[in-house]
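Okay, structure first, notes after.
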Amino acid sequence: MARPRELPPKYDPSAVEDRIYAEWVRKGYFRSRPNPDKPKYCIVIPPPNVTGALHMGHALNNTIQDILIRWKRMAGYEALWLPGTDHAGIATQNVVEKELAKEGKTRYDVGREAFVERVWKWKERFGNRIIEQLKKLGSSCDWERERFTLDEGLSRAVNTVFVALYREGLIYRGNYLINWCPRCHTALSDDEVEHKDRPGKLWYLRYPLADGDGWVVVATTRPETMLGDTGVAVNPSDERYRRLVGRKVRLPFVEREIPIIADESVDPSFGTGCVKITPAHDHNDYVVGKRHDLLMVNVLDADATVNANGGPFEGMDRYECRKALVERMKELGLLEREEDYELSLSVCYRCNTAVEPRLSDQWFVRMKELAEPAIRAAKEGRVRFRPDRWVKVYLDWLENVRDWCISRQIWWGHPIPVWYCGDCGHVNVEESEPKHCEKCGGSNLRRDPDVLDTWFSSALWPFSTLGWPERTEDLEYYYPTDTLVTDRGIIYFWVARMVMMGLKFMGREPFSDVVIHGTILDEIGRRMSKSLGNGIDPLEMIALYGADALRFSLVMLTTEGQDVKLSPKKFEMGRNFTNKIWNAARFALMRMPEGLDTSRPVREESLAVCDRWILTRLAETVEKVTAEQEEFRLNPAVAALYSFFWNDLCDWYLEAIKADLHGERGGERKETAARVFLFVLDSALRLLHPYMPFLTEELWQRLNELYPTRSLDGKGRAAESIMIAPWPAAEDHPRYPADAKDMELVKKAVTAVRNLRGARKILQKTPLSALFDAGSREAREVLEREADLVVRLANLKEMRVEVGVEPPARSAAEIVEPIALFVPMGELVDVEKERARLLAQLEKQRKLIAAAERKLGNADFLSKAPARVVEREREKLAALRETERKMEKELEALS
């Protein structure tokens, strides 16, 4: 390993990250155990699907979690980030079914037991891929605690909850209309159905009246379902059809006579105002059918082919049937017309297949009773959303919640703990497999073939992963957890259900804060997807720029809860910042005094104004970053860090102490500058560590080799790893507000010179003569006292400071309030061009003054605006006029 003085010219993440991560794991820094002497902080990871590969959404989500957990670990908390993966029932089964299809087989060919065994083998082979990818990101989870939603402990928790809810009457089985995926061959909950706008058709069909006296015309987007119609409905207030209510129509093809009914739910403006009612194939029609006691006729099988109830269309696929049926209606003169129609198509969230409403025996959870405490938890502030606007999504869903269909007709998942007695028909619901029927004692038991919805086990994640239903030490210490970080898309899928289950079975909400981050979009605002080919692979970005650059860029680009437009080029920002940090440390360490003794306290009298300023800025940054993180506002926190390190530390302080580190101003000054820089760098690295863990650890280790003590008082030694170093506390960092104010004045003087050089394309190496109008006697005293610093930073050959000075003839000017700078330019500038530039600036300034005067001349504004706002506008106008005066003086100077 290179010595600290010999840091390589460029930071190479590929040479650092794997080595450092392995060392963190080896030393057990991620490990957490109950510790009654420390406050705890716990996050449970939103378990990624075992089918998943790391995408940018995961990268952002887990970066935020890692920032929070690293910060709290440094702040003295017993911090646990509990990892794991989700078995992802439908998604995982689909993957393995596709593998079987390559062999020309289906799951039915191999049988249930062999198929489930095959899925387990697939999981063992590929299921931890995303976990390994999370490690590349720097995730500091306690990997010894990794859980899986189908492992033995979680399966026991699932069975315990199911049985308890069943015995309370909160789980029941019934024949109801559910969402059915013909591709996945399973029921779906309402939340697993997505709605996509698609172009479609609206067909107007004639249904002959049963008595032969004409027909009624109904409009439908799904003509194939007419085979299951058991009624036609009109609005009772619709005069056009009042005489028809109570009569019957004859349904073509199946020759079923069905009633015409009146129902308030019918919209008279849709189609003809006359609608077909298909209770077994439409959710709204199901409700109407129940209300009017209509027949329920199912005409589609599980694979969406027409069954025997479909008459001449039996055996056809639903879309094949649609085409054939419309053609036959046309031939019979029963198709009145068709027109284009934009429809909202319900599709399976996993395979994108159009979903069919279908009557089916399923298991349900009664949600109203569980929802009420979860609603109160949010309204009373026990569960807080960050940003708080997302609580509305949570409450809207809970306040309008419908019973949850939890059974799935797939093979991979938690088997429903229900056994049916073949002798007496009794339903046995037990946590473990019974040997005998609890009612008749018979042993002829058959297990329910369905499995539970994946989200059922996920809803128990915050407490099942800590050992529940056992009252473990982990559960007692870490529950309730503290923060959940997730995407807005699963607020009702997962967040609301965790709150319900936590309150029901633990008596406490599972977390206090829910941090909702934005969605990663491509650079033109589209969601990233395989089909669009617009995804950005985080692992490719890590290989290209490093994990720290990826992490920093994601947080820097993400404002509170807003979506992020991303392109690969945007990660260059993070790469550039890592290089800036590395180069600053390298530059200073190469110039440290030989034999620097860091064990002696730094004399306060030896601190220059720039030292006192950077120490004050550091204290302010510590306070700002900590406060923003406490409110989960990571973007302003990292922006403050970026500004401090790049602008304050590198652009100003390092420039200010260059000459000191070269020894141009004496031995003690050199040592003081070096000691202050080491102290500031130490704290800055600790502040940056949660965001950029690898780079900060590498520099920390290099610093520890040479300067294990970096405090100003010369006491203590730095921690062996930055991961376990204490989080900087504002009270441990000195402040010198008066000196900091003086330094800000110095910066303004130097900025005026730099601005003037930039506007006139004068090289920094060209020394200038400067006359400053300080604007006040106090400011003049500061600039005169710190003249040496101004001269060095601005590269001046001479400087003079006055108050109320008349601009010298033929001089160029620059104003940085309250300072005016005048530089005799001689042949360095074209005077006429300079006059033109100033006249253009003056014109803009006068427009600003005119706008401010109009505002203050507006009686309506003066009467309605708060007094402080009016006063602020008056102060603004005064400042604008003062700048105008100085600009006019500049023009005079060029005359």
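Note on naming: chains are A, B, ... as they come in the structure tokens, residues start from 1 per chain, ligands start from 1 in the order shown.
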>> Which residues are near A:Met541? Cut-off 12 Å, only C-alpha atoms, ignore same chain within fewer than 6 positions. Put them as JSON, numbers by chain.
In response: {"A": [13, 14, 54, 55, 56, 59, 136, 137, 535, 547, 548, 549, 550, 551, 553, 554, 567, 568, 569, 570, 571, 572, 574, 575]}
Could you please take those selected residues and save N, CA and C atoms as an mmCIF file, in the first residue's frame?
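The resulting file, part.cif, is shown below:
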```cif
data_model
loop_
_atom_site.group_PDB
_atom_site.id
_atom_site.type_symbol
_atom_site.label_atom_id
_atom_site.label_comp_id
_atom_site.auth_asym_id
_atom_site.auth_seq_id
_atom_site.Cartn_x
_atom_site.Cartn_y
_atom_site.Cartn_z
ATOM 1 N N PRO A 13 -11.596 3.497 -8.066
ATOM 2 C CA PRO A 13 -12.553 2.741 -7.243
ATOM 3 C C PRO A 13 -12.388 1.231 -7.361
ATOM 4 N N SER A 14 -12.040 0.743 -8.546
ATOM 5 C CA SER A 14 -11.932 -0.717 -8.745
ATOM 6 C C SER A 14 -10.821 -1.330 -7.904
ATOM 7 N N LEU A 54 -30.304 -6.070 -9.887
ATOM 8 C CA LEU A 54 -30.237 -4.689 -9.392
ATOM 9 C C LEU A 54 -30.556 -3.696 -10.511
ATOM 10 N N HIS A 55 -31.568 -2.836 -10.284
ATOM 11 C CA HIS A 55 -31.843 -1.758 -11.229
ATOM 12 C C HIS A 55 -31.728 -0.426 -10.490
ATOM 13 N N MET A 56 -31.890 0.664 -11.201
ATOM 14 C CA MET A 56 -31.642 1.976 -10.602
ATOM 15 C C MET A 56 -32.606 2.285 -9.448
ATOM 16 N N ALA A 59 -31.043 0.740 -6.585
ATOM 17 C CA ALA A 59 -29.834 1.483 -6.218
ATOM 18 C C ALA A 59 -30.191 2.711 -5.387
ATOM 19 N N LYS A 136 -22.116 -4.757 -3.828
ATOM 20 C CA LYS A 136 -21.287 -3.916 -4.707
ATOM 21 C C LYS A 136 -21.638 -2.439 -4.514
ATOM 22 N N LEU A 137 -22.872 -2.172 -4.140
ATOM 23 C CA LEU A 137 -23.316 -0.806 -3.906
ATOM 24 C C LEU A 137 -22.770 -0.252 -2.588
ATOM 25 N N GLY A 535 -33.151 1.282 -19.919
ATOM 26 C CA GLY A 535 -32.637 1.121 -18.562
ATOM 27 C C GLY A 535 -31.150 1.451 -18.478
ATOM 28 N N ALA A 547 -18.841 3.014 -7.013
ATOM 29 C CA ALA A 547 -20.096 3.000 -6.236
ATOM 30 C C ALA A 547 -20.363 4.348 -5.575
ATOM 31 N N ASP A 548 -19.306 5.014 -5.086
ATOM 32 C CA ASP A 548 -19.509 6.302 -4.426
ATOM 33 C C ASP A 548 -20.062 7.341 -5.390
ATOM 34 N N ALA A 549 -19.558 7.363 -6.605
ATOM 35 C CA ALA A 549 -20.041 8.315 -7.608
ATOM 36 C C ALA A 549 -21.504 8.052 -7.921
ATOM 37 N N LEU A 550 -21.876 6.768 -8.023
ATOM 38 C CA LEU A 550 -23.276 6.407 -8.278
ATOM 39 C C LEU A 550 -24.156 6.876 -7.126
ATOM 40 N N ARG A 551 -23.765 6.563 -5.905
ATOM 41 C CA ARG A 551 -24.557 6.901 -4.726
ATOM 42 C C ARG A 551 -24.719 8.422 -4.603
ATOM 43 N N SER A 553 -24.345 10.770 -6.862
ATOM 44 C CA SER A 553 -25.117 11.364 -7.959
ATOM 45 C C SER A 553 -26.606 11.140 -7.767
ATOM 46 N N LEU A 554 -26.998 9.922 -7.373
ATOM 47 C CA LEU A 554 -28.423 9.624 -7.191
ATOM 48 C C LEU A 554 -29.052 10.530 -6.133
ATOM 49 N N SER A 567 -29.565 10.053 -16.957
ATOM 50 C CA SER A 567 -28.808 9.549 -18.104
ATOM 51 C C SER A 567 -27.429 9.159 -17.592
ATOM 52 N N PRO A 568 -26.726 8.256 -18.277
ATOM 53 C CA PRO A 568 -25.403 7.817 -17.783
ATOM 54 C C PRO A 568 -24.449 8.987 -17.551
ATOM 55 N N LYS A 569 -24.573 10.024 -18.354
ATOM 56 C CA LYS A 569 -23.646 11.160 -18.249
ATOM 57 C C LYS A 569 -23.749 11.873 -16.905
ATOM 58 N N LYS A 570 -24.917 11.784 -16.273
ATOM 59 C CA LYS A 570 -25.111 12.497 -15.006
ATOM 60 C C LYS A 570 -24.261 11.937 -13.872
ATOM 61 N N PHE A 571 -23.751 10.709 -14.045
ATOM 62 C CA PHE A 571 -22.895 10.136 -13.002
ATOM 63 C C PHE A 571 -21.489 10.727 -13.033
ATOM 64 N N GLU A 572 -21.196 11.494 -14.082
ATOM 65 C CA GLU A 572 -19.888 12.165 -14.132
ATOM 66 C C GLU A 572 -19.770 13.173 -12.991
ATOM 67 N N GLY A 574 -20.762 12.764 -9.905
ATOM 68 C CA GLY A 574 -20.240 12.027 -8.756
ATOM 69 C C GLY A 574 -18.782 11.662 -8.934
ATOM 70 N N ARG A 575 -18.437 11.256 -10.153
ATOM 71 C CA ARG A 575 -17.026 10.927 -10.436
ATOM 72 C C ARG A 575 -16.126 12.137 -10.207
#
```
Residue contacts of A:Ile581 (9 Å, only C-alpha atoms) excluding same-chain residues fewer than 2 positions away, as a PDB file with C-alpha atoms, in the first residue's frame:
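Written file, out_11.pdb:
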```pdb
ATOM      1  CA  ASN A 576     -15.781  14.524 -10.529  1.00  0.00           C
ATOM      2  CA  PHE A 577     -16.562  15.007  -6.844  1.00  0.00           C
ATOM      3  CA  THR A 578     -14.736  11.831  -5.808  1.00  0.00           C
ATOM      4  CA  ASN A 579     -11.712  13.086  -7.756  1.00  0.00           C
ATOM      5  CA  ASN A 583      -7.007  15.469  -5.078  1.00  0.00           C
ATOM      6  CA  ALA A 584      -7.574  17.852  -2.178  1.00  0.00           C
ATOM      7  CA  ALA A 585      -6.389  15.269   0.332  1.00  0.00           C
ATOM      8  CA  ARG A 586      -3.449  14.325  -1.885  1.00  0.00           C
ATOM      9  CA  PHE A 645     -15.983  20.595   0.429  1.00  0.00           C
ATOM     10  CA  TRP A 646     -15.750  21.956  -3.110  1.00  0.00           C
ATOM     11  CA  CYS A 650     -10.946  23.453  -1.749  1.00  0.00           C
ATOM     12  CA  LEU A 695     -13.540   6.756  -0.759  1.00  0.00           C
ATOM     13  CA  THR A 696     -13.860   8.095   2.779  1.00  0.00           C
TER      14      THR A 696
END
```
>> Please extract the residues of stretch 337-434 of chain A with a backbone DSSP assignment of strand (DSSP E or B) and present them as a ChimeraX atom specification.
In response: /A:337-348,354,356-365,384-386,404-405,407-408,415,418-421,427-429
Take the residues from that selection and put them in a file with C-alpha atoms, as a short mmCIF file (atom, residue, chain, number, x, y, z; two decimals), in the first residue's frame.
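File out06.cif, as written:
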```cif
data_model
loop_
_atom_site.label_atom_id
_atom_site.label_comp_id
_atom_site.auth_asym_id
_atom_site.auth_seq_id
_atom_site.Cartn_x
_atom_site.Cartn_y
_atom_site.Cartn_z
CA ARG A 337 -72.84 -0.33 -35.53
CA GLU A 338 -69.32 -0.24 -34.12
CA GLU A 339 -67.13 2.73 -33.28
CA ASP A 340 -63.62 3.41 -32.01
CA TYR A 341 -63.41 3.69 -28.24
CA GLU A 342 -60.52 4.38 -25.85
CA LEU A 343 -60.74 1.88 -23.02
CA SER A 344 -58.93 1.19 -19.77
CA LEU A 345 -57.76 -2.41 -20.01
CA SER A 346 -57.14 -4.39 -16.81
CA VAL A 347 -53.93 -6.41 -17.05
CA CYS A 348 -51.91 -8.69 -14.76
CA ALA A 354 -55.66 -8.98 -19.96
CA GLU A 356 -60.84 -11.59 -16.65
CA PRO A 357 -63.34 -11.05 -13.83
CA ARG A 358 -64.30 -14.62 -12.85
CA LEU A 359 -66.52 -16.30 -10.29
CA SER A 360 -64.34 -18.48 -8.11
CA ASP A 361 -64.01 -20.03 -4.64
CA GLN A 362 -61.26 -18.04 -2.92
CA TRP A 363 -59.95 -17.06 0.51
CA PHE A 364 -60.39 -13.46 1.63
CA VAL A 365 -59.34 -11.19 4.51
CA ARG A 384 -45.44 9.66 9.40
CA PHE A 385 -44.90 9.87 5.66
CA ARG A 386 -41.93 11.80 4.27
CA TRP A 404 -58.41 -8.84 0.13
CA CYS A 405 -58.36 -11.99 -1.99
CA SER A 407 -55.49 -17.25 -2.31
CA ARG A 408 -53.47 -17.94 -5.46
CA PRO A 415 -49.46 -23.34 1.24
CA VAL A 418 -56.33 -25.64 5.57
CA TRP A 419 -57.30 -29.34 5.31
CA TYR A 420 -60.71 -30.60 4.16
CA CYS A 421 -62.11 -33.75 5.72
CA VAL A 427 -62.69 -27.45 7.22
CA ASN A 428 -59.65 -27.92 9.50
CA VAL A 429 -57.54 -24.75 9.90
#
```
> How many Å lie between atom CA of A:Glu817 and atom CA of A:Asp773, rounded to one decimal?
Replying inline: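 Between atom CA of A:Glu817 and atom CA of A:Asp773 the gap is 10.3 Å.
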> Using only C-alpha atoms, which residues sit within 6 Å of stretch 485-491 of chain A once same-chain residues fewer than 4 positions away are excluded, as an NGL selection string?
Replying inline: :A and (495 or 514-517)
Write out as an mmCIF file with C-alpha atoms, in the first residue's frame each polymer residue whose atoms come within 8 Å of stretch 792-795 of chain A, counting only C-alpha atoms; drop sequence neighbours fewer than 2 positions from it.
```
data_model
loop_
_atom_site.group_PDB
_atom_site.id
_atom_site.type_symbol
_atom_site.label_atom_id
_atom_site.label_comp_id
_atom_site.auth_asym_id
_atom_site.auth_seq_id
_atom_site.Cartn_x
_atom_site.Cartn_y
_atom_site.Cartn_z
ATOM 1 C CA GLU A 655 -5.924 28.356 -1.699
ATOM 2 C CA ALA A 656 -5.575 30.532 1.415
ATOM 3 C CA VAL A 750 -11.220 38.563 -4.030
ATOM 4 C CA VAL A 753 -11.096 40.738 -8.724
ATOM 5 C CA ARG A 754 -11.871 37.255 -10.076
ATOM 6 C CA GLN A 764 -4.966 34.799 -13.119
ATOM 7 C CA LYS A 765 -1.167 34.897 -13.385
ATOM 8 C CA THR A 766 -1.274 38.561 -14.460
ATOM 9 C CA PRO A 767 -0.835 40.694 -11.308
ATOM 10 C CA LEU A 768 -3.111 43.709 -10.978
ATOM 11 C CA ASP A 788 -1.799 40.045 2.685
ATOM 12 C CA LEU A 789 -4.485 37.345 2.232
ATOM 13 C CA VAL A 790 -6.389 39.409 -0.356
ATOM 14 C CA LYS A 797 0.846 43.596 -7.066
#
```
>> List as an MDAnalysis selection string the protein and nucleic acid residues near A:Leu294, meaning an atom at most 12 Å away when only C-alpha atoms are counted, but skip any in the same chain fewer than 4 places from it.
In response: chainID A and resid 228:233 257:261 277:280 285:290
Saved selection, atoms kept: N, CA and C atoms, as a compact mmCIF listing (two decimals), in the first residue's frame:
```
# COMPACT_ATOMS: atom_id res chain seq x y z
N GLY A 228 -72.88 -14.67 -21.37
CA GLY A 228 -73.16 -14.82 -19.94
C GLY A 228 -74.11 -13.79 -19.40
N ASP A 229 -74.73 -12.99 -20.28
CA ASP A 229 -75.69 -11.97 -19.83
C ASP A 229 -76.90 -12.63 -19.14
N THR A 230 -77.30 -12.01 -18.03
CA THR A 230 -78.52 -12.49 -17.37
C THR A 230 -79.49 -11.35 -17.09
N GLY A 231 -79.23 -10.19 -17.68
CA GLY A 231 -80.13 -9.06 -17.53
C GLY A 231 -79.73 -7.92 -18.43
N VAL A 232 -80.66 -6.99 -18.65
CA VAL A 232 -80.38 -5.72 -19.32
C VAL A 232 -80.91 -4.64 -18.37
N ALA A 233 -80.10 -3.59 -18.16
CA ALA A 233 -80.47 -2.58 -17.16
C ALA A 233 -80.60 -1.20 -17.79
N GLU A 257 -83.88 -16.24 -22.05
CA GLU A 257 -84.68 -15.04 -21.83
C GLU A 257 -84.21 -14.36 -20.54
N ILE A 258 -83.93 -13.07 -20.67
CA ILE A 258 -83.38 -12.34 -19.51
C ILE A 258 -84.20 -11.07 -19.29
N PRO A 259 -84.33 -10.62 -18.02
CA PRO A 259 -85.22 -9.48 -17.71
C PRO A 259 -84.58 -8.13 -18.00
N ILE A 260 -85.42 -7.15 -18.26
CA ILE A 260 -84.99 -5.75 -18.31
C ILE A 260 -85.30 -5.16 -16.94
N ILE A 261 -84.26 -4.65 -16.30
CA ILE A 261 -84.42 -4.15 -14.92
C ILE A 261 -84.06 -2.67 -14.86
N ILE A 277 -76.02 -6.82 -18.59
CA ILE A 277 -75.56 -7.18 -17.25
C ILE A 277 -75.03 -8.61 -17.29
N THR A 278 -73.71 -8.73 -16.98
CA THR A 278 -73.03 -10.03 -17.00
C THR A 278 -72.42 -10.25 -15.62
N PRO A 279 -73.19 -10.68 -14.65
CA PRO A 279 -72.72 -10.72 -13.25
C PRO A 279 -71.47 -11.57 -13.04
N ALA A 280 -71.27 -12.60 -13.86
CA ALA A 280 -70.12 -13.49 -13.66
C ALA A 280 -68.85 -13.00 -14.35
N ASP A 285 -71.31 -5.28 -12.75
CA ASP A 285 -72.48 -6.10 -13.04
C ASP A 285 -72.74 -7.10 -11.93
N TYR A 286 -71.64 -7.56 -11.28
CA TYR A 286 -71.78 -8.51 -10.17
C TYR A 286 -72.61 -7.89 -9.04
N VAL A 287 -72.31 -6.62 -8.75
CA VAL A 287 -73.04 -5.91 -7.68
C VAL A 287 -74.51 -5.75 -8.08
N VAL A 288 -74.75 -5.35 -9.34
CA VAL A 288 -76.13 -5.18 -9.82
C VAL A 288 -76.86 -6.52 -9.79
N GLY A 289 -76.16 -7.56 -10.22
CA GLY A 289 -76.76 -8.90 -10.23
C GLY A 289 -77.17 -9.35 -8.86
N LYS A 290 -76.32 -9.10 -7.86
CA LYS A 290 -76.65 -9.46 -6.48
C LYS A 290 -77.87 -8.67 -6.00
```
>> Please return, as an MDAnalysis selection string, all residues of stretch 272-451 of chain A that DSSP assigns to alpha helix (DSSP H) on the basis of the backbone.
In response: chainID A and resid 283:292 318:331 368:379 391:399
Residues just named, written with C-alpha atoms as a PDB file, in the first residue's frame:
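As written to disk, result_32.pdb reads:
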```pdb
ATOM      1  CA  HIS A 283     -67.354  -6.290 -11.178  1.00  0.00           C
ATOM      2  CA  ASN A 284     -70.046  -3.633 -11.469  1.00  0.00           C
ATOM      3  CA  ASP A 285     -72.481  -6.097 -13.039  1.00  0.00           C
ATOM      4  CA  TYR A 286     -71.776  -8.510 -10.170  1.00  0.00           C
ATOM      5  CA  VAL A 287     -73.044  -5.913  -7.684  1.00  0.00           C
ATOM      6  CA  VAL A 288     -76.130  -5.182  -9.821  1.00  0.00           C
ATOM      7  CA  GLY A 289     -76.761  -8.898 -10.233  1.00  0.00           C
ATOM      8  CA  LYS A 290     -76.649  -9.457  -6.477  1.00  0.00           C
ATOM      9  CA  ARG A 291     -78.992  -6.539  -5.938  1.00  0.00           C
ATOM     10  CA  HIS A 292     -81.579  -7.937  -8.391  1.00  0.00           C
ATOM     11  CA  ARG A 318     -62.023 -15.279 -25.915  1.00  0.00           C
ATOM     12  CA  TYR A 319     -60.684 -13.073 -28.721  1.00  0.00           C
ATOM     13  CA  GLU A 320     -61.413 -15.663 -31.383  1.00  0.00           C
ATOM     14  CA  CYS A 321     -64.944 -15.847 -29.978  1.00  0.00           C
ATOM     15  CA  ARG A 322     -65.252 -12.040 -30.048  1.00  0.00           C
ATOM     16  CA  LYS A 323     -64.408 -11.937 -33.745  1.00  0.00           C
ATOM     17  CA  ALA A 324     -66.713 -14.825 -34.645  1.00  0.00           C
ATOM     18  CA  LEU A 325     -69.603 -13.549 -32.521  1.00  0.00           C
ATOM     19  CA  VAL A 326     -69.491 -10.026 -33.984  1.00  0.00           C
ATOM     20  CA  GLU A 327     -69.456 -11.527 -37.496  1.00  0.00           C
ATOM     21  CA  ARG A 328     -72.497 -13.723 -36.710  1.00  0.00           C
ATOM     22  CA  MET A 329     -74.374 -10.764 -35.168  1.00  0.00           C
ATOM     23  CA  LYS A 330     -73.717  -8.818 -38.380  1.00  0.00           C
ATOM     24  CA  GLU A 331     -75.046 -11.704 -40.478  1.00  0.00           C
ATOM     25  CA  LYS A 368     -62.379  -2.908   7.402  1.00  0.00           C
ATOM     26  CA  GLU A 369     -61.674  -3.992  10.980  1.00  0.00           C
ATOM     27  CA  LEU A 370     -57.915  -4.184  10.337  1.00  0.00           C
ATOM     28  CA  ALA A 371     -57.882  -0.870   8.480  1.00  0.00           C
ATOM     29  CA  GLU A 372     -59.371   1.290  11.255  1.00  0.00           C
ATOM     30  CA  PRO A 373     -56.348   1.164  13.626  1.00  0.00           C
ATOM     31  CA  ALA A 374     -53.999   1.731  10.663  1.00  0.00           C
ATOM     32  CA  ILE A 375     -55.965   4.845   9.705  1.00  0.00           C
ATOM     33  CA  ARG A 376     -55.744   6.166  13.271  1.00  0.00           C
ATOM     34  CA  ALA A 377     -51.983   5.500  13.398  1.00  0.00           C
ATOM     35  CA  ALA A 378     -51.432   7.877  10.473  1.00  0.00           C
ATOM     36  CA  LYS A 379     -53.953  10.506  11.569  1.00  0.00           C
ATOM     37  CA  VAL A 391     -50.242   9.998   3.558  1.00  0.00           C
ATOM     38  CA  LYS A 392     -53.224  10.847   1.355  1.00  0.00           C
ATOM     39  CA  VAL A 393     -52.548   7.833  -0.899  1.00  0.00           C
ATOM     40  CA  TYR A 394     -52.295   5.628   2.192  1.00  0.00           C
ATOM     41  CA  LEU A 395     -55.506   6.958   3.773  1.00  0.00           C
ATOM     42  CA  ASP A 396     -57.500   6.974   0.532  1.00  0.00           C
ATOM     43  CA  TRP A 397     -56.769   3.288   0.039  1.00  0.00           C
ATOM     44  CA  LEU A 398     -57.514   2.295   3.640  1.00  0.00           C
ATOM     45  CA  GLU A 399     -60.711   4.331   3.852  1.00  0.00           C
TER      46      GLU A 399
END
```
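With only C-alpha atoms as the atoms that count, the minimum distance from A:Glu832 to the choices A:Thr220, A:Gln845, A:Ser811, A:Asn49 is reached by A:Ser811.
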>> From the options A:Thr672, A:Thr709, A:Ser643, A:Ser443, which residue's atoms come nearest to A:Asp660, counting only C-alpha atoms?
In response: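 Of A:Thr672, A:Thr709, A:Ser643, A:Ser443, the one nearest A:Asp660, counting only C-alpha atoms, is A:Thr672.
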> By how many Å are atom CA of A:Val217 and atom CA of A:Glu314 apart?
Replying inline: 24.8 Å
> For A:Pro538, which residue among A:Ala659, A:Leu706, A:Leu566, A:Leu150 is the nearest when counting only C-alpha atoms?
Replying inline: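 Nearest candidate to A:Pro538 out of A:Ala659, A:Leu706, A:Leu566, A:Leu150: A:Leu566.
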> For A:Val602, which residue out of A:Leu712, A:Leu654, A:Met590, A:Leu661 is the nearest one, using only C-alpha atoms?
Replying inline: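 Going through A:Leu712, A:Leu654, A:Met590, A:Leu661 one by one, the smallest distance to A:Val602 is for A:Leu712.
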>> Neighbouring residues of A:Glu697 were defined as those with any atom within 8 Å, considering only C-alpha atoms; residues of the same chain fewer than 6 positions away were excluded. Please report them as an NGL selection string.
In response: :A and (20 or 689 or 721-723)
> From the set A:Leu202, A:Leu460, A:Val638, A:Ala730, which residue has the shortest atom-to-atom contact distance to A:Ile67, counting only C-alpha atoms?
Replying inline: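 Closest residue, counting only C-alpha atoms: A:Val638.
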> Quick one: residues within 10 Å of stretch 605-613 of chain A, only C-alpha atoms counted, chain neighbours fewer than 6 positions away excluded, as a ChimeraX atom specification?
Replying inline: /A:619,648,652-654,656-657,668-669,671-673,675-677,680,734-744,746,786,789
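Here atom CA of A:Phe694 stands at a distance of 7.1 Å from atom CA of A:Val16.
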